[in-house]
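**Student:** Here you go, target00.pdb (PDB, C-alpha atoms and all ligand atoms):
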```pdb
MODEL        1
ATOM      1  CA  LEU A   1       0.000   0.000   0.000  1.00  0.00           C
ATOM      2  CA  PHE A   2       2.839   2.391   0.844  1.00  0.00           C
ATOM      3  CA  ALA A   3       5.212   0.993  -1.760  1.00  0.00           C
ATOM      4  CA  GLY A   4       3.392   2.616  -4.693  1.00  0.00           C
ATOM      5  CA  ASP A   5       2.340   6.193  -5.190  1.00  0.00           C
ATOM      6  CA  CYS A   6       0.936   8.193  -2.317  1.00  0.00           C
ATOM      7  CA  ASP A   7      -0.499  11.305  -3.890  1.00  0.00           C
ATOM      8  CA  PHE A   8      -2.252  14.379  -2.580  1.00  0.00           C
ATOM      9  CA  VAL A   9      -5.878  14.289  -3.751  1.00  0.00           C
ATOM     10  CA  LYS A  10      -7.494  17.432  -2.376  1.00  0.00           C
ATOM     11  CA  GLY A  11      -7.899  19.806   0.553  1.00  0.00           C
ATOM     12  CA  VAL A  12     -11.425  20.197   1.836  1.00  0.00           C
ATOM     13  CA  VAL A  13     -12.997  23.079   3.782  1.00  0.00           C
ATOM     14  CA  ALA A  14     -16.633  21.908   3.907  1.00  0.00           C
ATOM     15  CA  MET A  15     -18.421  18.567   4.187  1.00  0.00           C
ATOM     16  CA  SER A  16     -19.819  19.145   0.691  1.00  0.00           C
ATOM     17  CA  GLY A  17     -16.262  19.051  -0.684  1.00  0.00           C
ATOM     18  CA  LEU A  18     -15.410  15.554   0.562  1.00  0.00           C
ATOM     19  CA  PRO A  19     -14.436  13.059  -2.142  1.00  0.00           C
ATOM     20  CA  PRO A  20     -16.957  10.256  -2.810  1.00  0.00           C
ATOM     21  CA  ALA A  21     -17.091   7.817   0.118  1.00  0.00           C
ATOM     22  CA  ASP A  22     -15.999   4.871  -2.005  1.00  0.00           C
ATOM     23  CA  ARG A  23     -13.050   3.367  -0.114  1.00  0.00           C
ATOM     24  CA  PRO A  24     -11.794   2.856   3.437  1.00  0.00           C
ATOM     25  CA  GLU A  25     -10.491   5.978   5.114  1.00  0.00           C
ATOM     26  CA  ILE A  26      -7.959   6.356   7.920  1.00  0.00           C
ATOM     27  CA  CYS A  27      -7.329   9.735   9.505  1.00  0.00           C
ATOM     28  CA  LEU A  28      -4.820  11.333  11.817  1.00  0.00           C
ATOM     29  CA  ALA A  29      -6.347  13.579  14.472  1.00  0.00           C
ATOM     30  CA  GLY A  30      -4.733  15.335  17.410  1.00  0.00           C
ATOM     31  CA  ARG A  31      -3.844  18.626  19.021  1.00  0.00           C
ATOM     32  CA  SER A  32      -2.209  21.262  16.875  1.00  0.00           C
ATOM     33  CA  ASN A  33       1.529  20.629  16.554  1.00  0.00           C
ATOM     34  CA  VAL A  34       1.343  17.011  17.814  1.00  0.00           C
ATOM     35  CA  GLY A  35       2.961  15.795  14.560  1.00  0.00           C
ATOM     36  CA  LYS A  36       0.094  14.648  12.289  1.00  0.00           C
ATOM     37  CA  SER A  37       1.496  16.026   9.047  1.00  0.00           C
ATOM     38  CA  SER A  38       5.025  14.883   9.912  1.00  0.00           C
ATOM     39  CA  LEU A  39       3.682  11.372  10.438  1.00  0.00           C
ATOM     40  CA  ILE A  40       1.991  11.395   7.006  1.00  0.00           C
ATOM     41  CA  ASN A  41       5.346  12.306   5.471  1.00  0.00           C
ATOM     42  CA  ALA A  42       7.222   9.694   7.492  1.00  0.00           C
ATOM     43  CA  LEU A  43       4.712   6.929   6.694  1.00  0.00           C
ATOM     44  CA  THR A  44       4.769   7.663   2.977  1.00  0.00           C
ATOM     45  CA  GLY A  45       8.488   8.380   2.833  1.00  0.00           C
ATOM     46  CA  ARG A  46       7.775  11.719   1.163  1.00  0.00           C
ATOM     47  CA  LYS A  47       9.479  14.639   2.888  1.00  0.00           C
ATOM     48  CA  ALA A  48       7.044  17.366   1.921  1.00  0.00           C
ATOM     49  CA  LEU A  49       3.824  15.600   0.929  1.00  0.00           C
ATOM     50  CA  ALA A  50       2.031  17.232   3.867  1.00  0.00           C
ATOM     51  CA  ARG A  51       3.076  20.688   5.035  1.00  0.00           C
ATOM     52  CA  THR A  52       4.525  20.847   8.540  1.00  0.00           C
ATOM     53  CA  SER A  53       5.540  23.714  10.795  1.00  0.00           C
ATOM     54  CA  ASN A  54       6.778  24.662  14.249  1.00  0.00           C
ATOM     55  CA  THR A  55       3.708  26.871  14.588  1.00  0.00           C
ATOM     56  CA  PRO A  56       0.480  25.196  15.800  1.00  0.00           C
ATOM     57  CA  GLY A  57      -2.319  25.620  13.249  1.00  0.00           C
ATOM     58  CA  ARG A  58      -0.366  24.809  10.093  1.00  0.00           C
ATOM     59  CA  THR A  59      -2.904  22.386   8.574  1.00  0.00           C
ATOM     60  CA  GLN A  60      -6.214  24.200   8.053  1.00  0.00           C
ATOM     61  CA  GLU A  61      -8.028  21.883   5.642  1.00  0.00           C
ATOM     62  CA  ILE A  62      -8.938  18.204   5.612  1.00  0.00           C
ATOM     63  CA  ASN A  63      -6.247  16.853   3.305  1.00  0.00           C
ATOM     64  CA  PHE A  64      -6.823  13.610   1.433  1.00  0.00           C
ATOM     65  CA  PHE A  65      -3.959  11.381   0.283  1.00  0.00           C
ATOM     66  CA  ASP A  66      -4.457   8.394  -1.989  1.00  0.00           C
ATOM     67  CA  LEU A  67      -2.819   5.126  -0.958  1.00  0.00           C
ATOM     68  CA  GLY A  68      -2.460   3.001  -4.046  1.00  0.00           C
ATOM     69  CA  GLY A  69      -6.031   3.736  -5.129  1.00  0.00           C
ATOM     70  CA  LEU A  70      -7.247   1.506  -2.279  1.00  0.00           C
ATOM     71  CA  GLU A  71      -7.506   3.700   0.734  1.00  0.00           C
ATOM     72  CA  TYR A  72      -7.494   7.364   1.754  1.00  0.00           C
ATOM     73  CA  LEU A  73      -5.066   8.603   4.361  1.00  0.00           C
ATOM     74  CA  VAL A  74      -6.391  11.860   5.791  1.00  0.00           C
ATOM     75  CA  ASP A  75      -4.490  14.675   7.505  1.00  0.00           C
ATOM     76  CA  LEU A  76      -6.703  16.836   9.707  1.00  0.00           C
ATOM     77  CA  PRO A  77      -6.390  20.333  11.145  1.00  0.00           C
ATOM     78  CA  GLY A  78      -5.421  20.196  14.799  1.00  0.00           C
ATOM     79  CA  TYR A  79      -7.694  20.925  17.727  1.00  0.00           C
ATOM     80  CA  GLY A  80      -6.823  22.996  20.781  1.00  0.00           C
ATOM     81  CA  TYR A  81      -4.660  26.102  20.569  1.00  0.00           C
ATOM     82  CA  ALA A  82      -3.774  27.285  17.069  1.00  0.00           C
ATOM     83  CA  ASN A  83      -1.912  30.342  15.883  1.00  0.00           C
ATOM     84  CA  ALA A  84      -4.621  31.534  13.451  1.00  0.00           C
ATOM     85  CA  PRO A  85      -7.601  33.953  13.450  1.00  0.00           C
ATOM     86  CA  LEU A  86     -10.383  32.821  15.785  1.00  0.00           C
ATOM     87  CA  ALA A  87     -13.134  32.807  13.137  1.00  0.00           C
ATOM     88  CA  LYS A  88     -11.019  30.551  10.963  1.00  0.00           C
ATOM     89  CA  VAL A  89     -10.188  28.228  13.822  1.00  0.00           C
ATOM     90  CA  ASP A  90     -13.901  28.026  14.732  1.00  0.00           C
ATOM     91  CA  ALA A  91     -14.823  27.073  11.178  1.00  0.00           C
ATOM     92  CA  TRP A  92     -12.249  24.315  10.880  1.00  0.00           C
ATOM     93  CA  GLN A  93     -13.056  22.922  14.369  1.00  0.00           C
ATOM     94  CA  ARG A  94     -16.713  22.635  13.370  1.00  0.00           C
ATOM     95  CA  LEU A  95     -15.758  20.858  10.165  1.00  0.00           C
ATOM     96  CA  LEU A  96     -13.399  18.556  12.040  1.00  0.00           C
ATOM     97  CA  LYS A  97     -16.150  17.451  14.411  1.00  0.00           C
ATOM     98  CA  GLN A  98     -18.629  16.915  11.562  1.00  0.00           C
ATOM     99  CA  TYR A  99     -16.083  14.845   9.691  1.00  0.00           C
ATOM    100  CA  LEU A 100     -15.049  12.739  12.700  1.00  0.00           C
ATOM    101  CA  SER A 101     -18.613  11.879  13.632  1.00  0.00           C
ATOM    102  CA  GLY A 102     -20.284  11.688  10.236  1.00  0.00           C
ATOM    103  CA  ARG A 103     -18.026  10.056   7.664  1.00  0.00           C
ATOM    104  CA  GLN A 104     -19.347   6.616   6.794  1.00  0.00           C
ATOM    105  CA  THR A 105     -16.155   5.160   5.354  1.00  0.00           C
ATOM    106  CA  LEU A 106     -13.946   6.178   8.284  1.00  0.00           C
ATOM    107  CA  ARG A 107     -12.389   2.888   9.385  1.00  0.00           C
ATOM    108  CA  ARG A 108     -10.205   4.178  12.151  1.00  0.00           C
ATOM    109  CA  VAL A 109      -9.175   7.475  13.654  1.00  0.00           C
ATOM    110  CA  PHE A 110      -5.642   7.631  14.936  1.00  0.00           C
ATOM    111  CA  VAL A 111      -5.575  10.082  17.814  1.00  0.00           C
ATOM    112  CA  LEU A 112      -2.037  11.349  18.124  1.00  0.00           C
ATOM    113  CA  ILE A 113      -0.757  12.101  21.599  1.00  0.00           C
ATOM    114  CA  ASP A 114       2.518  13.916  22.238  1.00  0.00           C
ATOM    115  CA  ALA A 115       4.672  11.542  24.303  1.00  0.00           C
ATOM    116  CA  ARG A 116       5.781  14.464  26.453  1.00  0.00           C
ATOM    117  CA  HIS A 117       2.288  15.616  27.344  1.00  0.00           C
ATOM    118  CA  GLY A 118      -0.093  12.647  27.530  1.00  0.00           C
ATOM    119  CA  VAL A 119      -3.869  12.924  27.176  1.00  0.00           C
ATOM    120  CA  LYS A 120      -5.206  16.467  27.671  1.00  0.00           C
ATOM    121  CA  PRO A 121      -8.817  17.614  28.233  1.00  0.00           C
ATOM    122  CA  VAL A 122      -9.202  18.581  24.539  1.00  0.00           C
ATOM    123  CA  ASP A 123      -8.184  15.037  23.571  1.00  0.00           C
ATOM    124  CA  GLU A 124     -10.846  13.659  25.899  1.00  0.00           C
ATOM    125  CA  GLU A 125     -13.434  15.883  24.250  1.00  0.00           C
ATOM    126  CA  ILE A 126     -12.639  14.383  20.832  1.00  0.00           C
ATOM    127  CA  MET A 127     -12.558  10.859  22.270  1.00  0.00           C
ATOM    128  CA  ALA A 128     -15.989  11.409  23.818  1.00  0.00           C
ATOM    129  CA  LEU A 129     -17.295  12.524  20.436  1.00  0.00           C
ATOM    130  CA  MET A 130     -16.074   9.281  18.878  1.00  0.00           C
ATOM    131  CA  ASP A 131     -17.544   7.215  21.698  1.00  0.00           C
ATOM    132  CA  LYS A 132     -20.872   8.866  20.947  1.00  0.00           C
ATOM    133  CA  SER A 133     -20.673   8.193  17.196  1.00  0.00           C
ATOM    134  CA  ALA A 134     -19.142   4.704  17.646  1.00  0.00           C
ATOM    135  CA  VAL A 135     -16.057   5.485  15.579  1.00  0.00           C
ATOM    136  CA  THR A 136     -13.121   3.314  16.638  1.00  0.00           C
ATOM    137  CA  PHE A 137     -10.017   5.256  17.521  1.00  0.00           C
ATOM    138  CA  GLN A 138      -6.489   4.221  18.364  1.00  0.00           C
ATOM    139  CA  CYS A 139      -3.873   6.332  20.108  1.00  0.00           C
ATOM    140  CA  VAL A 140      -0.496   6.911  18.536  1.00  0.00           C
ATOM    141  CA  MET A 141       2.219   8.399  20.717  1.00  0.00           C
ATOM    142  CA  THR A 142       4.351  10.877  18.774  1.00  0.00           C
ATOM    143  CA  LYS A 143       7.840  12.337  19.284  1.00  0.00           C
ATOM    144  CA  VAL A 144       8.984   9.444  21.503  1.00  0.00           C
ATOM    145  CA  ASP A 145      12.549  10.422  20.522  1.00  0.00           C
ATOM    146  CA  LYS A 146      12.192  13.412  22.842  1.00  0.00           C
ATOM    147  CA  LEU A 147      11.837  11.258  25.983  1.00  0.00           C
ATOM    148  CA  LYS A 148      13.882   8.901  28.106  1.00  0.00           C
ATOM    149  CA  ALA A 149      12.465   5.415  28.760  1.00  0.00           C
ATOM    150  CA  GLY A 150      11.430   6.110  32.353  1.00  0.00           C
ATOM    151  CA  GLU A 151       9.643   9.310  31.385  1.00  0.00           C
ATOM    152  CA  LEU A 152       7.758   7.512  28.640  1.00  0.00           C
ATOM    153  CA  ASP A 153       6.482   4.773  30.989  1.00  0.00           C
ATOM    154  CA  LYS A 154       4.851   7.355  33.219  1.00  0.00           C
ATOM    155  CA  VAL A 155       3.019   8.998  30.314  1.00  0.00           C
ATOM    156  CA  LEU A 156       1.947   5.634  28.883  1.00  0.00           C
ATOM    157  CA  ALA A 157       0.353   4.715  32.206  1.00  0.00           C
ATOM    158  CA  GLN A 158      -1.632   7.964  32.135  1.00  0.00           C
ATOM    159  CA  VAL A 159      -2.748   7.375  28.538  1.00  0.00           C
ATOM    160  CA  ARG A 160      -3.785   3.767  29.205  1.00  0.00           C
ATOM    161  CA  GLY A 161      -5.773   4.891  32.221  1.00  0.00           C
ATOM    162  CA  ARG A 162      -7.653   7.470  30.178  1.00  0.00           C
ATOM    163  CA  LEU A 163      -8.308   5.073  27.269  1.00  0.00           C
ATOM    164  CA  ALA A 164      -9.875   2.539  29.623  1.00  0.00           C
ATOM    165  CA  THR A 165     -12.716   5.021  30.147  1.00  0.00           C
ATOM    166  CA  HIS A 166     -13.529   5.295  26.415  1.00  0.00           C
ATOM    167  CA  PRO A 167     -15.619   2.522  24.850  1.00  0.00           C
ATOM    168  CA  ALA A 168     -14.569   3.457  21.290  1.00  0.00           C
ATOM    169  CA  ALA A 169     -10.854   3.223  22.109  1.00  0.00           C
ATOM    170  CA  PHE A 170      -8.787   0.457  20.567  1.00  0.00           C
ATOM    171  CA  PRO A 171      -6.663  -0.723  23.519  1.00  0.00           C
ATOM    172  CA  GLU A 172      -3.239  -1.014  21.861  1.00  0.00           C
ATOM    173  CA  LEU A 173      -1.002   2.027  21.631  1.00  0.00           C
ATOM    174  CA  VAL A 174       1.495   2.635  18.860  1.00  0.00           C
ATOM    175  CA  LEU A 175       4.736   4.422  19.802  1.00  0.00           C
ATOM    176  CA  THR A 176       6.221   6.501  17.022  1.00  0.00           C
ATOM    177  CA  SER A 177       8.910   8.946  16.093  1.00  0.00           C
ATOM    178  CA  SER A 178       8.649  10.570  12.694  1.00  0.00           C
ATOM    179  CA  ALA A 179      12.138  11.940  13.264  1.00  0.00           C
ATOM    180  CA  LYS A 180      13.795   8.583  14.026  1.00  0.00           C
ATOM    181  CA  GLY A 181      11.460   6.189  12.205  1.00  0.00           C
ATOM    182  CA  GLU A 182      10.321   4.268  15.260  1.00  0.00           C
ATOM    183  CA  GLY A 183       6.936   2.547  14.981  1.00  0.00           C
ATOM    184  CA  LEU A 184       6.382   3.415  11.329  1.00  0.00           C
ATOM    185  CA  ALA A 185       6.433  -0.182  10.076  1.00  0.00           C
ATOM    186  CA  THR A 186       3.897  -1.161  12.736  1.00  0.00           C
ATOM    187  CA  LEU A 187       1.598   1.705  11.829  1.00  0.00           C
ATOM    188  CA  ARG A 188       1.882   0.989   8.097  1.00  0.00           C
ATOM    189  CA  ALA A 189       0.897  -2.616   8.743  1.00  0.00           C
ATOM    190  CA  ILE A 190      -2.149  -1.565  10.769  1.00  0.00           C
ATOM    191  CA  ILE A 191      -3.248   0.859   8.033  1.00  0.00           C
ATOM    192  CA  ALA A 192      -2.737  -1.740   5.298  1.00  0.00           C
ATOM    193  CA  GLY A 193      -4.784  -4.209   7.316  1.00  0.00           C
ATOM    194  CA  LEU A 194      -7.734  -1.815   7.278  1.00  0.00           C
ATOM    195  CA  ALA A 195      -7.861  -1.524   3.455  1.00  0.00           C
TER     196      ALA A 195
HETATM  197  P1  LIG A 201      -0.966  21.273  12.831  1.00  0.00           P
HETATM  198  O1  LIG A 201      -1.093  21.051  11.374  1.00  0.00           O
HETATM  199  O2  LIG A 201      -0.580  22.672  13.183  1.00  0.00           O
HETATM  200  O3  LIG A 201      -2.145  20.808  13.618  1.00  0.00           O
HETATM  201  O4  LIG A 201       0.310  20.405  13.386  1.00  0.00           O
HETATM  202  P2  LIG A 201       0.705  18.887  13.076  1.00  0.00           P
HETATM  203  O5  LIG A 201       0.084  18.015  14.116  1.00  0.00           O
HETATM  204  O6  LIG A 201       0.470  18.544  11.670  1.00  0.00           O
HETATM  205  O7  LIG A 201       2.281  18.922  13.420  1.00  0.00           O
HETATM  206  P3  LIG A 201       3.511  18.949  12.395  1.00  0.00           P
HETATM  207  O8  LIG A 201       3.624  17.640  11.704  1.00  0.00           O
HETATM  208  O9  LIG A 201       3.437  20.176  11.581  1.00  0.00           O
HETATM  209  O10 LIG A 201       4.737  18.996  13.414  1.00  0.00           O
HETATM  210  C1  LIG A 201       4.865  20.002  14.399  1.00  0.00           C
HETATM  211  C2  LIG A 201       6.311  20.090  14.844  1.00  0.00           C
HETATM  212  O11 LIG A 201       6.714  18.897  15.526  1.00  0.00           O
HETATM  213  C3  LIG A 201       7.289  20.264  13.695  1.00  0.00           C
HETATM  214  O12 LIG A 201       8.269  21.192  14.091  1.00  0.00           O
HETATM  215  C4  LIG A 201       7.888  18.879  13.528  1.00  0.00           C
HETATM  216  O13 LIG A 201       9.186  18.892  13.008  1.00  0.00           O
HETATM  217  C5  LIG A 201       7.888  18.356  14.952  1.00  0.00           C
HETATM  218  N1  LIG A 201       7.799  16.875  14.999  1.00  0.00           N
HETATM  219  C6  LIG A 201       6.840  16.113  14.438  1.00  0.00           C
HETATM  220  N2  LIG A 201       7.065  14.800  14.660  1.00  0.00           N
HETATM  221  C7  LIG A 201       8.198  14.725  15.375  1.00  0.00           C
HETATM  222  C8  LIG A 201       8.959  13.621  15.932  1.00  0.00           C
HETATM  223  O14 LIG A 201       8.653  12.433  15.793  1.00  0.00           O
HETATM  224  N3  LIG A 201      10.082  13.955  16.639  1.00  0.00           N
HETATM  225  C9  LIG A 201      10.461  15.237  16.826  1.00  0.00           C
HETATM  226  N4  LIG A 201      11.551  15.445  17.561  1.00  0.00           N
HETATM  227  N5  LIG A 201       9.791  16.286  16.320  1.00  0.00           N
HETATM  228  C10 LIG A 201       8.668  16.044  15.607  1.00  0.00           C
HETATM  229 MG    MG A 202      -0.526  19.517  10.174  1.00  0.00          MG
ENDMDL
END
```
Using structure tokens, write down the structure that the file contains.
Ligand code: GTP
Ligand code: MG
**Tutor:**
Amino acid sequence: LFAGDCDFVKGVVAMSGLPPADRPEICLAGRSNVGKSSLINALTGRKALARTSNTPGRTQEINFFDLGGLEYLVDLPGYGYANAPLAKVDAWQRLLKQYLSGRQTLRRVFVLIDARHGVKPVDEEIMALMDKSAVTFQCVMTKVDKLKAGELDKVLAQVRGRLATHPAAFPELVLTSSAKGEGLATLRAIIAGLA
């Protein structure tokens, strides 16, 4: 699935702009700056397929990427703090929630959690939304390269504790580093298995 072409399809700013729901879809959700777009690039092996930035609020559209014509990989705008005008942020947060709760072909939502920060209240809000709409989500820890082993264990315990309270949560965590390549093969295999 990742061996062939992974091409950008389109960026969407309204539900009416979504491509036809004709194949399985996997999306990456998470707080602004958690590393969603970087993970798309790392998974596909394309340095600048998705635009990344140090500034939270870089991705402002729902971006669709084609995986071998079989599956869509979707990069979402972040939730939580973003360095962008409030009206704009409001609009994309509304769209994000509509998409996460109302897209029929959404097979799994990967909720990215920064390994340094663990699950925050805004993450819980999104998780509760998916519980309500019965959309399975799985947590992916990002930036694990920034932590020492002992520090990571503490955060993982917090995340596992929070996930246990969410019926739509898939219990297994994936630990990743887009910078160092950790966990990418595992995540690719999971995504391929959902096609
Ligand atoms: P928004 O589009 O603003 O919601 O952010 P995003 O979640 O798409 O984050 P993005 O991929 O743009 O990455 C944010 C910052 O984190 C960038 O400076 C990345 O270089 C950095 N980053 C992402 N993944 C990793 C990682 O695995 N390790 C390290 N050390 N830095 C990372
Ligand atoms: Mg982004």
**Student:** Do you have the atom C8 of ligand LIG 201 (chain A)-atom CA of Ala115 of chain A distance handy?
**Tutor:**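 So the answer is 9.6 Å.
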**Student:** Could you list, as a list of chain:residue names, every residue within 6 Å of segment 133-142 of chain A, counting all atoms listed in the file and ignoring same-chain residues fewer than 6 positions away?
**Tutor:**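 In the requested form, the answer reads A:Ser101, A:Arg108, A:Val109, A:Phe110, A:Val111, A:Leu112, A:Ile113, A:Asp114, A:Ala115, A:Ala168, A:Ala169, A:Phe170, A:Leu173, A:Val174, A:Leu175, A:Thr176, A:Ser177.
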**Student:** Residues within 12 Å of ligand MG 202 (chain A), counting only C-alpha atoms and all ligand atoms: report them as an NGL selection string.
**Tutor:** :A and (27-41 or 48-63 or 74-79 or 82 or 112)
**Student:** Build an axis-aligned box that encloses every atom of ligand LIG 201 (chain A) listed in the file, pad it by 4 Å on each side, and report its centre and edge lengths in Å to one decimal, as lines of an AutoDock Vina configuration file.
**Tutor:**
```
center_x = 4.7
center_y = 17.6
center_z = 14.5
size_x = 21.7
size_y = 18.2
size_z = 14.2
```
**Student:** Taking 4 positions as the minimum chain separation for residues in the same chain, which residues sit within 7 Å of segment 151-155 of chain A when counting only C-alpha atoms? Answer as a ChimeraX atom specification.
**Tutor:** /A:115,118,147,159
**Student:** Write out, as a compact mmCIF listing (two decimals), in the coordinates of the input, the residues just selected, with C-alpha atoms.
**Tutor:**
```
# COMPACT_ATOMS: atom_id res chain seq x y z
CA ALA A 115 4.67 11.54 24.30
CA GLY A 118 -0.09 12.65 27.53
CA LEU A 147 11.84 11.26 25.98
CA VAL A 159 -2.75 7.38 28.54
```
**Student:** So which one's closest to Val122 of chain A, A:Gly80, A:Asp145, A:Ala157, A:Asp66? Using all atoms listed in the file, please.
**Tutor:**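 Among A:Gly80, A:Asp145, A:Ala157, A:Asp66, it is A:Gly80 that comes nearest to Val122 of chain A.
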**Student:** Which distance in Å separates atom CA of Phe2 of chain A and atom CA of Ile191 of chain A, to one decimal?
**Tutor:**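 Interatomic distance, atom CA of Phe2 of chain A to atom CA of Ile191 of chain A: 9.5 Å.
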**Student:** Name the closest residue to ligand LIG 201 (chain A) among the candidates A:Tyr81, A:Pro167, A:Met127, A:Ala195; distances are taken between atoms, counting only C-alpha atoms and all ligand atoms.
**Tutor:**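 The shortest atom-to-atom distance to ligand LIG 201 (chain A) comes from A:Tyr81.
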**Student:** Any idea what's packed within 8 Å of Gly4 of chain A, counting all atoms listed in the file, ignoring anything in its chain fewer than 3 positions away? Could you give it as a compact mmCIF listing (two decimals) with C-alpha atoms, in the frame of the given file?
**Tutor:**
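Below you can see around.txt, which holds the result:
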```txt
# COMPACT_ATOMS: atom_id res chain seq x y z
CA LEU A 1 0.00 0.00 0.00
CA LEU A 67 -2.82 5.13 -0.96
CA GLY A 68 -2.46 3.00 -4.05
```
**Student:** Please indicate the distance in Å from atom CA of Phe8 of chain A to atom CA of Lys47 of chain A, rounded to one decimal place.
**Tutor:**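 A separation of 12.9 Å between them.
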**Student:** Specify as JSON, numbers by chain each residue included when the PyMOL selection byres (((chain A and resi 95-99) around 8) and not hetatm) is applied to this file.
**Tutor:** {"A": [13, 14, 15, 62, 76, 77, 91, 92, 93, 94, 100, 101, 102, 103, 126, 129]}
**Student:** Could you give me, as number ranges by chain, the residues within 8 Å of Ala42 of chain A, counting all atoms listed in the file and dropping anything in the same chain fewer than 5 positions from it?
**Tutor:** A: 47, 178-179, 181, 184
**Student:** Report as a list in words the residues that result from applying the PyMOL selection byres (((chain A and resi 24) around 9) and not hetatm) to the structure here.
**Tutor:**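 When the PyMOL selection byres (((chain A and resi 24) around 9) and not hetatm) is applied, the selected residues are Ala21, Asp22, Arg23, Glu25, Ile26, Leu70, Glu71, Tyr72, Leu73, Thr105, Leu106, Arg107, Arg108, Leu194 and Ala195 of chain A.
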